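Notes follow the structure.
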There are 2 protein chains.
Amino acid sequence: MKVAVAGYSTTKFSLDDIPVESVLLSAAVRLFQSTPNLGQKDVDAVLVSTNENKKYLAAIVSELAGISPKISHSIESLCNSGTNSLVSAYSHIASGLADVALVIGAERFDSPGQVLEWDMTRGEYTHPVFWASMFTKAHKRMFGTTDEDLAYVSAKNHRNAQDNPDAYSPKKYTVDEIMNSKRLTDDLRLLDCSRPCTGGAAVLLASESAAKRFTDSPVWISGIGQRTTSASFAKNSLTTLESTQDAALQALSMAGVTPSQIDVAEIHDAFSVCELMVLEDIGIAKKGTASKYVSDLYNTENKMINPRGGLIGAGHPLGATGVAQVAEIARHLQNNAGSRQIPGASTGLVQNMSAAATSSTVLVLKS
Amino acid sequence: MKVAVAGYSTTKFSLDDIPVESVLLSAAVRLFQSTPNLGQKDVDAVLVSTNENKKYLAAIVSELAGISPKISHSIESLCNSGTNSLVSAYSHIASGLADVALVIGAERFDSPGQVLEWDMTRGEYTHPVFWASMFTKAHKRMFGTTDEDLAYVSAKNHRNAQDNPDAYSPKKYTVDEIMNSKRLTDDLRLLDCSRPCTGGAAVLLASESAAKRFTDSPVWISGIGQRTTSASFAKNSLTTLESTQDAALQALSMAGVTPSQIDVAEIHDAFSVCELMVLEDIGIAKKGTASKYVSDLYNTENKMINPRGGLIGAGHPLGATGVAQVAEIARHLQNNAGSRQIPGASTGLVQNMSAAATSSTVLVLKS
């Protein structure tokens, strides 16, 4: 059973103080408006990806949008709730229980998913900035990574975000500006961090036969990999994201694709060091070479990694992020990404993770 | 692809003030202890069913239990979170992404899922007792249902719960005691209501080939039905649960079973009137005859409806309820239900719903 991306949308990422129900509805409405022939009766499943505390949001947004789906519930796995929801929607279709599934991710800037309460048991890691700082120090020690190398990630992603009208950040920053932004820890500056924000995204998945009704150019979910580990820093390997490495192996193998065949990728740059680590753990760059890889992308104005600006440039509405990443790759594989289009892209990858890569998802999409 | 129940457990339902993480772990440990040959490495997916506000509980309980699953996330749909999680686990297996999935439901007595904030928009229905009261009044008007009829539901389910050592309620009540319990609304007494409590339940689902490693008598998930509607009382049919009716049609049709073939059923008796309505909407009793059907069960000491005591007798830990219902049916179909065993049961049904039947799940299980 083949499963396709048959529609997608994002809302404007912002710091707006609006109810999460409104964000969910906006993303759904935008998807319906941009997907020809899609009616409310077509939708068999509504899955909501969020870290908000509100209950039965999938039933609520269904009622608001005039949908009476068979399947409806919320899914939470912190920052990779979005891809967990999409894989679940894939399963509901591939198992035959649904033909068409609408996944909507939404979060507010003040989401309760930003505090890692449980990580108190591992020490004082309640804010993700602490594990990111540990990873950064380890990458510097192991590979000689510099503050300038890290700043290139942020400079590139902020610049890419200029072509994304839904991105939160309207500003470009130079490498120097990033290196001189507010110091948060020994190794992290403010502009090394993604910005929690209010935002939504929606993706419509459909079986092969159903997808034909909604699009002439379906994008196929060709590879799926997921892994949950205990915190990576329990393994004495602070420069490897074990769950991402494993998820990437699964997804690339299922899709029959090698890292060099990836034309465009969405990488979970919650912090600048994450983009370097993930590029290395997926195999897009060899271990210890991601810094050079990223500065080369920056200097050649190549947008293939995080074309919409990544989490650093576009903003990070937790539950929406994974959904927005898949929407972005689908745009490129349909040659529908406007001024940020990667020419001729036919194979794309999404990497989405939560809580110091406690859990990772990697997806491979093909046109 | 056939999917089996290959293991199950429940914890003691209580009013204990213990962290939800501990409840989840207890349910998982009990399942591992009672499932031969099951090791942590066998588990591909850990899905947590809960309404608690805590984040990444699936990753946390995985870490506590020594599991590194591929798939892990929380699922919420108020009171039918449990069956939504089980259907999702079914899909992950039937789609080929997982061989073995562990679903764990858990809730605390003070769960935030007990207040229906959104229903403020429909009037003052923030506590479920208000919609239950409307349903009760309508059932009385339409079918002449009496307070005594309602009390039989509660008397039967409390009595059934005496044979369930994990039930919250240790007491039997006479029909008179129930009719004279504290009045909550015009039409509802305290003992017409299920009791929110602390409790957990776990169910292991497995593909046909994997299930053989863990049990000689797998129970098959043979029928699945789900539907989400706007609140039933928007439809001018206060005596029909539209979502349950539709979900039952789907599930019975998928399983090739008629209502008269059901040997044992778990019915979501959040309030006494719900058991009457659901029996009628599934077709186990004809419209307007469920009161007599239930009092006959009571008078003949027939436990086939809600043998573990239902939500009224066993208690209602929201996220655990649907999981515990499936565990109960599996016990009977394996002839493993001890003193409450329904002799020779080979076909069972689970009905689980949320928020005035805004969403319903019906499952048919076969030995």
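Residues are referred to by chain and number: the chain letter is A, B, ... according to the order shown in the structure tokens, the number counts from 1 in that chain, and ligands are numbered separately from 1 in the order shown.
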
Please give the complete set of residues from region 11-122 of chain B that DSSP, run on the backbone, assigns to strand (DSSP E or B), formatted as a short mmCIF file (atom, residue, chain, number, x, y, z; two decimals) with N, CA and C atoms, in the first residue's frame.
data_model
loop_
_atom_site.label_atom_id
_atom_site.label_comp_id
_atom_site.auth_asym_id
_atom_site.auth_seq_id
_atom_site.Cartn_x
_atom_site.Cartn_y
_atom_site.Cartn_z
N SER B 14 -7.82 2.67 42.38
CA SER B 14 -7.83 3.19 43.75
C SER B 14 -7.95 4.71 43.73
N ALA B 45 6.81 -0.75 19.61
CA ALA B 45 6.05 0.50 19.82
C ALA B 45 5.53 0.55 21.25
N VAL B 46 5.62 1.71 21.85
CA VAL B 46 5.03 1.96 23.17
C VAL B 46 4.09 3.15 23.03
N LEU B 47 2.80 2.90 23.15
CA LEU B 47 1.81 3.98 23.05
C LEU B 47 1.17 4.17 24.43
N VAL B 48 1.17 5.40 24.89
CA VAL B 48 0.61 5.72 26.21
C VAL B 48 -0.74 6.41 26.03
N SER B 49 -1.75 5.88 26.68
CA SER B 49 -3.09 6.46 26.65
C SER B 49 -3.34 7.19 27.95
N ILE B 71 8.67 3.24 17.88
CA ILE B 71 7.57 4.21 17.93
C ILE B 71 7.19 4.46 19.39
N SER B 72 7.07 5.72 19.78
CA SER B 72 6.61 6.03 21.14
C SER B 72 5.94 7.39 21.15
N HIS B 73 4.71 7.45 21.63
CA HIS B 73 4.05 8.73 21.85
C HIS B 73 2.82 8.54 22.72
N SER B 74 2.26 9.65 23.18
CA SER B 74 1.03 9.64 23.95
C SER B 74 -0.15 9.92 23.03
N ILE B 75 -1.30 9.37 23.40
CA ILE B 75 -2.53 9.55 22.62
C ILE B 75 -3.63 9.99 23.57
N GLU B 76 -4.37 11.02 23.15
CA GLU B 76 -5.44 11.55 24.00
C GLU B 76 -6.71 11.76 23.20
N SER B 77 -7.79 11.20 23.68
CA SER B 77 -9.12 11.50 23.18
C SER B 77 -10.10 11.32 24.35
N CYS B 79 -12.10 10.08 27.24
CA CYS B 79 -12.40 8.78 27.84
C CYS B 79 -12.25 7.61 26.89
N VAL B 100 5.27 -5.86 17.30
CA VAL B 100 4.76 -5.97 18.67
C VAL B 100 4.59 -4.56 19.24
N ALA B 101 3.40 -4.27 19.74
CA ALA B 101 3.12 -2.93 20.28
C ALA B 101 2.53 -3.05 21.69
N LEU B 102 3.08 -2.27 22.60
CA LEU B 102 2.62 -2.24 23.98
C LEU B 102 1.80 -0.96 24.19
N VAL B 103 0.53 -1.13 24.52
CA VAL B 103 -0.33 0.02 24.82
C VAL B 103 -0.53 0.08 26.33
N ILE B 104 -0.20 1.21 26.93
CA ILE B 104 -0.37 1.36 28.38
C ILE B 104 -1.26 2.56 28.63
N GLY B 105 -2.34 2.34 29.35
CA GLY B 105 -3.22 3.44 29.75
C GLY B 105 -3.07 3.70 31.23
N ALA B 106 -3.07 4.96 31.61
CA ALA B 106 -2.98 5.28 33.04
C ALA B 106 -3.58 6.65 33.30
N GLU B 107 -4.13 6.79 34.47
CA GLU B 107 -4.72 8.07 34.86
C GLU B 107 -4.67 8.17 36.37
#

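Near chain A, within 6 Å and using only C-alpha atoms, the residues of chain B are Asn53, Tyr56, Glu63, Ser68, Pro69, Lys70, Ile71, His73, Ser74, Ile75, Glu76, Ser77, Leu78, Ser91, His92, Ala94, Ser95, Gln226, Arg227, Thr228, Thr229 and Ser230 of chain B.
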
Would you kindly return, as number ranges by chain, each protein, DNA or RNA residue with an atom no farther than 12 Å from any atom of Thr240 (chain B), considering only C-alpha atoms and excluding same-chain residues fewer than 2 positions away? B: 135-136, 138-139, 142, 231-238, 242-246, 273-283, 287-288, 356-358

Residues of region 107-222 of chain B within 9 Å of region 321-332 of chain B: nearest atom pair and distance (Å, one decimal) for each, counting only C-alpha atoms, sorted by chain and number, as a Markdown table?
| residue | atom | partner | partner_atom | distance |
| --- | --- | --- | --- | --- |
| B:Gly199 | CA | B:Thr321 | CA | 8.6 |
| B:Gly200 | CA | B:Ala324 | CA | 7.8 |
| B:Ala201 | CA | B:Ala324 | CA | 5.2 |
| B:Ala202 | CA | B:Val323 | CA | 6.2 |
| B:Val203 | CA | B:Ala327 | CA | 6.3 |
| B:Pro218 | CA | B:Ala330 | CA | 8.5 |
| B:Val219 | CA | B:Ala330 | CA | 6.1 |
| B:Trp220 | CA | B:Ala330 | CA | 8.9 |

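One distance worth recording is that between CA of Lys366 (chain A) and CA of Val23 (chain A), which is 28.8 Å.
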
Based on DSSP run over this structure's backbone, return all residues of region 81-306 of chain B in alpha helix (DSSP H), as an NGL selection string. :B and (81-94 or 128-143 or 147-161 or 175-179 or 208-214 or 242-255 or 272-282 or 290-299)

With a distance cut-off of 9 Å and only C-alpha atoms, select the neighbouring residues of Ile284 (chain B), excluding the residue or stretch itself and same-chain residues fewer than 6 positions from it, and output the selection as number ranges by chain. B: 258-260, 262, 278, 290

Quick one: residues within 8 Å of Ala211 (chain B), only C-alpha atoms counted, chain neighbours fewer than 6 positions away excluded, as number ranges by chain? B: 4-6, 205, 218

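Nearest to Tyr298 (chain A) of all the residues A:Ile178, A:Leu188, A:Ala251, A:Val153 is A:Val153, based on only C-alpha atoms.
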
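If you look at CA of Gly313 (chain A) and CA of Asp269 (chain A), they are 9.3 Å away from each other.
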